[in-house]
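A.B. asks: Just one file: protein.cif, with mmCIF, C-alpha atoms.
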```
data_structure
loop_
_atom_site.label_atom_id
_atom_site.label_comp_id
_atom_site.auth_asym_id
_atom_site.auth_seq_id
_atom_site.Cartn_x
_atom_site.Cartn_y
_atom_site.Cartn_z
CA MET A 73 0.00 0.00 0.00
CA GLU A 74 1.08 3.54 -0.73
CA THR A 75 -0.23 6.67 0.98
CA VAL A 76 0.12 10.21 -0.36
CA GLN A 77 -0.35 13.35 1.71
CA HIS A 78 -1.71 16.39 -0.10
CA SER A 79 0.89 18.59 1.60
CA ALA A 80 3.71 16.42 0.22
CA ARG A 81 2.70 17.08 -3.41
CA GLU A 82 3.30 20.15 -5.54
CA THR A 83 0.26 22.21 -6.49
CA VAL A 84 0.43 23.84 -9.92
CA GLU A 85 -1.65 26.69 -11.29
CA ALA A 86 -2.72 25.11 -14.59
CA VAL A 87 -4.38 28.31 -15.81
CA ASP A 88 -5.23 31.49 -13.92
CA GLY A 89 -7.13 30.55 -10.77
CA VAL A 90 -7.17 26.78 -11.41
CA HIS A 91 -4.93 24.85 -9.01
CA LEU A 92 -4.26 21.11 -9.44
CA THR A 93 -2.47 18.69 -7.13
CA GLN A 94 -1.61 15.23 -8.45
CA LEU A 95 -2.18 12.80 -5.57
CA ALA A 96 -1.98 9.00 -5.72
CA VAL A 97 -1.10 7.50 -9.11
CA GLY A 98 -1.55 3.82 -9.86
CA ALA A 99 -1.18 1.59 -12.87
CA GLU A 100 -4.88 1.94 -13.80
CA MET A 101 -5.97 5.36 -12.44
CA SER A 102 -4.87 8.60 -10.79
CA VAL A 103 -6.39 10.97 -8.22
CA GLN A 104 -6.12 14.75 -8.48
CA HIS A 105 -7.33 17.52 -6.16
CA PHE A 106 -8.65 20.69 -7.79
CA HIS A 107 -9.18 24.19 -6.39
CA ILE A 108 -10.89 26.70 -8.68
CA GLU A 109 -11.00 30.36 -7.67
CA PRO A 110 -14.11 32.53 -8.22
CA GLY A 111 -14.27 33.69 -11.84
CA ALA A 112 -11.74 31.13 -13.10
CA THR A 113 -12.32 29.06 -16.23
CA VAL A 114 -11.01 25.67 -17.27
CA PRO A 115 -10.78 26.01 -21.05
CA GLN A 116 -12.54 23.55 -23.33
CA HIS A 117 -10.45 20.43 -23.77
CA SER A 118 -10.76 16.69 -24.14
CA HIS A 119 -8.64 13.72 -23.17
CA HIS A 120 -8.81 9.99 -23.71
CA HIS A 121 -9.17 9.40 -19.96
CA GLU A 122 -12.53 8.68 -18.39
CA GLN A 123 -12.99 11.24 -15.60
CA VAL A 124 -15.12 10.96 -12.49
CA GLY A 125 -15.19 13.62 -9.82
CA TYR A 126 -16.64 14.77 -6.53
CA VAL A 127 -17.22 18.35 -5.37
CA SER A 128 -16.48 18.90 -1.68
CA GLY A 129 -17.09 22.66 -1.60
CA GLY A 130 -18.32 25.45 -3.84
CA THR A 131 -20.34 25.36 -7.05
CA PHE A 132 -19.20 25.42 -10.65
CA THR A 133 -20.60 24.90 -14.13
CA PHE A 134 -19.50 22.39 -16.76
CA VAL A 135 -20.20 23.26 -20.38
CA VAL A 136 -20.55 20.22 -22.66
CA ASP A 137 -21.85 20.56 -26.24
CA GLY A 138 -23.39 23.92 -25.32
CA GLU A 139 -25.30 22.36 -22.41
CA GLU A 140 -24.59 23.56 -18.87
CA PHE A 141 -24.35 21.28 -15.83
CA VAL A 142 -24.11 22.93 -12.40
CA VAL A 143 -22.40 20.83 -9.73
CA GLY A 144 -21.99 21.66 -6.06
CA PRO A 145 -21.08 20.21 -2.67
CA GLY A 146 -21.87 16.51 -2.49
CA ASP A 147 -22.32 16.14 -6.25
CA SER A 148 -20.34 13.69 -8.35
CA TYR A 149 -20.01 13.50 -12.12
CA ARG A 150 -18.62 11.38 -14.95
CA ILE A 151 -17.13 12.58 -18.22
CA PRO A 152 -16.47 9.93 -20.87
CA GLY A 153 -13.09 9.90 -22.60
CA ASP A 154 -12.74 12.18 -25.65
CA GLU A 155 -15.77 14.33 -24.70
CA PRO A 156 -14.92 18.05 -25.08
CA HIS A 157 -15.79 19.96 -21.90
CA ALA A 158 -15.03 23.21 -20.06
CA ALA A 159 -15.76 24.43 -16.54
CA GLN A 160 -16.35 27.84 -14.98
CA ASN A 161 -16.59 29.01 -11.41
CA ARG A 162 -19.30 31.66 -11.67
CA SER A 163 -19.77 31.88 -7.92
CA GLU A 164 -18.24 34.09 -5.24
CA GLU A 165 -16.49 31.21 -3.45
CA PRO A 166 -13.76 28.76 -4.43
CA VAL A 167 -14.56 25.25 -5.60
CA ASP A 168 -12.72 22.21 -4.22
CA GLY A 169 -12.97 18.59 -5.19
CA ILE A 170 -11.35 15.41 -6.42
CA ASP A 171 -11.04 13.98 -9.92
CA VAL A 172 -10.13 10.38 -10.74
CA PHE A 173 -8.77 9.59 -14.20
CA ALA A 174 -8.51 6.18 -15.87
CA PRO A 175 -6.00 5.51 -17.28
CA PRO A 176 -3.75 7.68 -15.07
CA ARG A 177 -3.41 11.29 -16.21
CA ALA A 178 -0.37 13.52 -15.93
CA ASP A 179 -0.74 17.29 -15.68
CA PRO A 180 -3.16 18.50 -18.37
CA ASP A 181 -1.83 19.59 -21.74
CA TRP A 182 -3.95 22.78 -21.54
CA MET A 183 -1.46 24.17 -19.03
CA ASP A 184 0.50 25.86 -21.85
#
```
Taking this structure as input, can you express it in the form of structure tokens?
C.D. replies:
Amino acid sequence: METVQHSARETVEAVDGVHLTQLAVGAEMSVQHFHIEPGATVPQHSHHHEQVGYVSGGTFTFVVDGEEFVVGPGDSYRIPGDEPHAAQNRSEEPVDGIDVFAPPRADPDWMD
């Protein structure tokens, strides 16, 4: 068994106001913490990884094919691989949560 403390991992600011911390990484999946500041936007992107997530605090909006999905504390979600999606924090408070990617995902390529 391997344990990973959040404080032992580097947090990167992927784009303005979007902070990601890669946590445990296995052969089949990876876990990542996200923190999204008020007003921040995750640009539209896609990846071959299936993504499931859980929101522990705050509310934000996914945009998928022009449709909006609002998720908040206690909500979970699933995004199939290769589905273009974006996210925006339109609220006045930060959003925190966890994403799990299968297969494992390194830092996103939309960081550049």
A.B. asks: Take atom CA of A:Gln116 and atom CA of A:Pro156 and report the distance between them in Å, one decimal.
C.D. replies: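 Rounded to one decimal, the two atoms are 6.2 Å apart.
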A.B. asks: Expand the PyMOL selection byres ((chain A and resi 101) around 8) into the explicit residue set it covers here, and present it as a PyMOL selection string.
C.D. replies: chain A and resi 97-100+102-103+172-177
A.B. asks: Here is a test: counting all atoms listed in the file, which residue of A:Ile170, A:Met73, A:Ala86, A:Val142 is nearest to A:Thr113?
C.D. replies: A:Ala86
A.B. asks: Go through A:Val143, A:Ile151, A:Ala96, A:Ala178 and flag the residue nearest A:Ser118, using only C-alpha atoms for the distances.
C.D. replies: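 Comparing A:Val143, A:Ile151, A:Ala96, A:Ala178 against A:Ser118, the winner is A:Ile151.
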A.B. asks: Neighbouring residues of stretch 123-137 of chain A were defined as those with any atom within 10 Å, considering all atoms listed in the file; residues of the same chain fewer than 6 positions away were excluded. Please report them as a VMD selection string.
C.D. replies: chain A and resid 101 to 116 143 to 153 155 to 177
A.B. asks: Expressed in Å to a single decimal, how great is the separation between atom CA of A:Glu85 and atom CA of A:His119?
C.D. replies: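 Between these atoms lies a distance of 18.9 Å.
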A.B. asks: Atom CA of A:Val87 to atom CA of A:His117: how many Å, to one decimal?
C.D. replies: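 These two atoms are separated by 12.7 Å.
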A.B. asks: Got a sec: who's within 9 Å of A:Thr83, counting all atoms listed in the file, leaving out chain neighbours fewer than 6 positions off, as a list of chain:residue names?
C.D. replies: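 Surrounding residues, per the criterion: A:His91, A:Leu92, A:Thr93, A:Gln94, A:His105.
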A.B. asks: Rebuild stretch 131-164 of chain A to N, CA and C atoms - output it as a tab-separated table (two decimals), in the frame of the given file, please.
C.D. replies:
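Listed below is the output, part_3.tsv:
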```tsv
chain	number	residue	atom	x	y	z
A	131	THR	N	-19.48	25.74	-5.92
A	131	THR	CA	-20.34	25.36	-7.05
A	131	THR	C	-19.69	25.85	-8.33
A	132	PHE	N	-19.68	24.99	-9.36
A	132	PHE	CA	-19.20	25.42	-10.65
A	132	PHE	C	-20.02	24.79	-11.77
A	133	THR	N	-19.78	25.28	-12.99
A	133	THR	CA	-20.60	24.90	-14.13
A	133	THR	C	-19.74	24.25	-15.20
A	134	PHE	N	-20.10	23.04	-15.60
A	134	PHE	CA	-19.50	22.39	-16.76
A	134	PHE	C	-20.27	22.82	-17.99
A	135	VAL	N	-19.57	22.99	-19.10
A	135	VAL	CA	-20.20	23.26	-20.38
A	135	VAL	C	-19.78	22.13	-21.33
A	136	VAL	N	-20.78	21.36	-21.78
A	136	VAL	CA	-20.55	20.22	-22.66
A	136	VAL	C	-21.52	20.32	-23.82
A	137	ASP	N	-21.00	20.44	-25.04
A	137	ASP	CA	-21.85	20.56	-26.24
A	137	ASP	C	-22.88	21.67	-26.09
A	138	GLY	N	-22.49	22.79	-25.49
A	138	GLY	CA	-23.39	23.92	-25.32
A	138	GLY	C	-24.37	23.77	-24.18
A	139	GLU	N	-24.40	22.60	-23.55
A	139	GLU	CA	-25.30	22.36	-22.41
A	139	GLU	C	-24.55	22.62	-21.11
A	140	GLU	N	-25.21	23.24	-20.15
A	140	GLU	CA	-24.59	23.56	-18.87
A	140	GLU	C	-25.05	22.60	-17.78
A	141	PHE	N	-24.09	22.17	-16.96
A	141	PHE	CA	-24.35	21.28	-15.83
A	141	PHE	C	-23.75	21.92	-14.59
A	142	VAL	N	-24.58	22.31	-13.64
A	142	VAL	CA	-24.11	22.93	-12.40
A	142	VAL	C	-23.91	21.83	-11.36
A	143	VAL	N	-22.71	21.81	-10.77
A	143	VAL	CA	-22.40	20.83	-9.73
A	143	VAL	C	-21.95	21.56	-8.47
A	144	GLY	N	-22.32	21.02	-7.33
A	144	GLY	CA	-21.99	21.66	-6.06
A	144	GLY	C	-21.63	20.64	-5.01
A	145	PRO	N	-21.51	21.08	-3.76
A	145	PRO	CA	-21.08	20.21	-2.67
A	145	PRO	C	-21.91	18.92	-2.60
A	146	GLY	N	-21.22	17.81	-2.57
A	146	GLY	CA	-21.87	16.51	-2.49
A	146	GLY	C	-22.21	15.90	-3.83
A	147	ASP	N	-22.04	16.66	-4.92
A	147	ASP	CA	-22.32	16.14	-6.25
A	147	ASP	C	-21.11	15.39	-6.81
A	148	SER	N	-21.40	14.37	-7.60
A	148	SER	CA	-20.34	13.69	-8.35
A	148	SER	C	-20.73	13.73	-9.82
A	149	TYR	N	-19.77	13.43	-10.68
A	149	TYR	CA	-20.01	13.50	-12.12
A	149	TYR	C	-19.08	12.52	-12.84
A	150	ARG	N	-19.44	12.23	-14.09
A	150	ARG	CA	-18.62	11.38	-14.95
A	150	ARG	C	-18.55	12.01	-16.32
A	151	ILE	N	-17.34	12.07	-16.87
A	151	ILE	CA	-17.13	12.58	-18.22
A	151	ILE	C	-16.45	11.47	-19.02
A	152	PRO	N	-17.10	10.98	-20.07
A	152	PRO	CA	-16.47	9.93	-20.87
A	152	PRO	C	-15.19	10.43	-21.54
A	153	GLY	N	-14.29	9.53	-21.86
A	153	GLY	CA	-13.09	9.90	-22.60
A	153	GLY	C	-13.45	10.54	-23.93
A	154	ASP	N	-12.62	11.49	-24.36
A	154	ASP	CA	-12.74	12.18	-25.65
A	154	ASP	C	-13.97	13.08	-25.77
A	155	GLU	N	-14.64	13.40	-24.65
A	155	GLU	CA	-15.77	14.33	-24.70
A	155	GLU	C	-15.28	15.74	-24.38
A	156	PRO	N	-15.35	16.67	-25.35
A	156	PRO	CA	-14.92	18.05	-25.08
A	156	PRO	C	-15.77	18.67	-23.96
A	157	HIS	N	-15.09	19.34	-23.03
A	157	HIS	CA	-15.79	19.96	-21.90
A	157	HIS	C	-14.97	21.13	-21.38
A	158	ALA	N	-15.64	22.05	-20.72
A	158	ALA	CA	-15.03	23.21	-20.06
A	158	ALA	C	-15.73	23.36	-18.72
A	159	ALA	N	-15.14	24.18	-17.85
A	159	ALA	CA	-15.76	24.43	-16.54
A	159	ALA	C	-15.50	25.87	-16.13
A	160	GLN	N	-16.47	26.46	-15.44
A	160	GLN	CA	-16.35	27.84	-14.98
A	160	GLN	C	-16.84	27.95	-13.55
A	161	ASN	N	-16.11	28.69	-12.75
A	161	ASN	CA	-16.59	29.01	-11.41
A	161	ASN	C	-17.24	30.38	-11.49
A	162	ARG	N	-18.54	30.41	-11.56
A	162	ARG	CA	-19.30	31.66	-11.67
A	162	ARG	C	-19.75	32.18	-10.32
A	163	SER	N	-19.32	31.51	-9.25
A	163	SER	CA	-19.77	31.88	-7.92
A	163	SER	C	-18.77	32.82	-7.24
A	164	GLU	N	-19.09	33.19	-6.03
A	164	GLU	CA	-18.24	34.09	-5.24
A	164	GLU	C	-17.32	33.33	-4.29
```
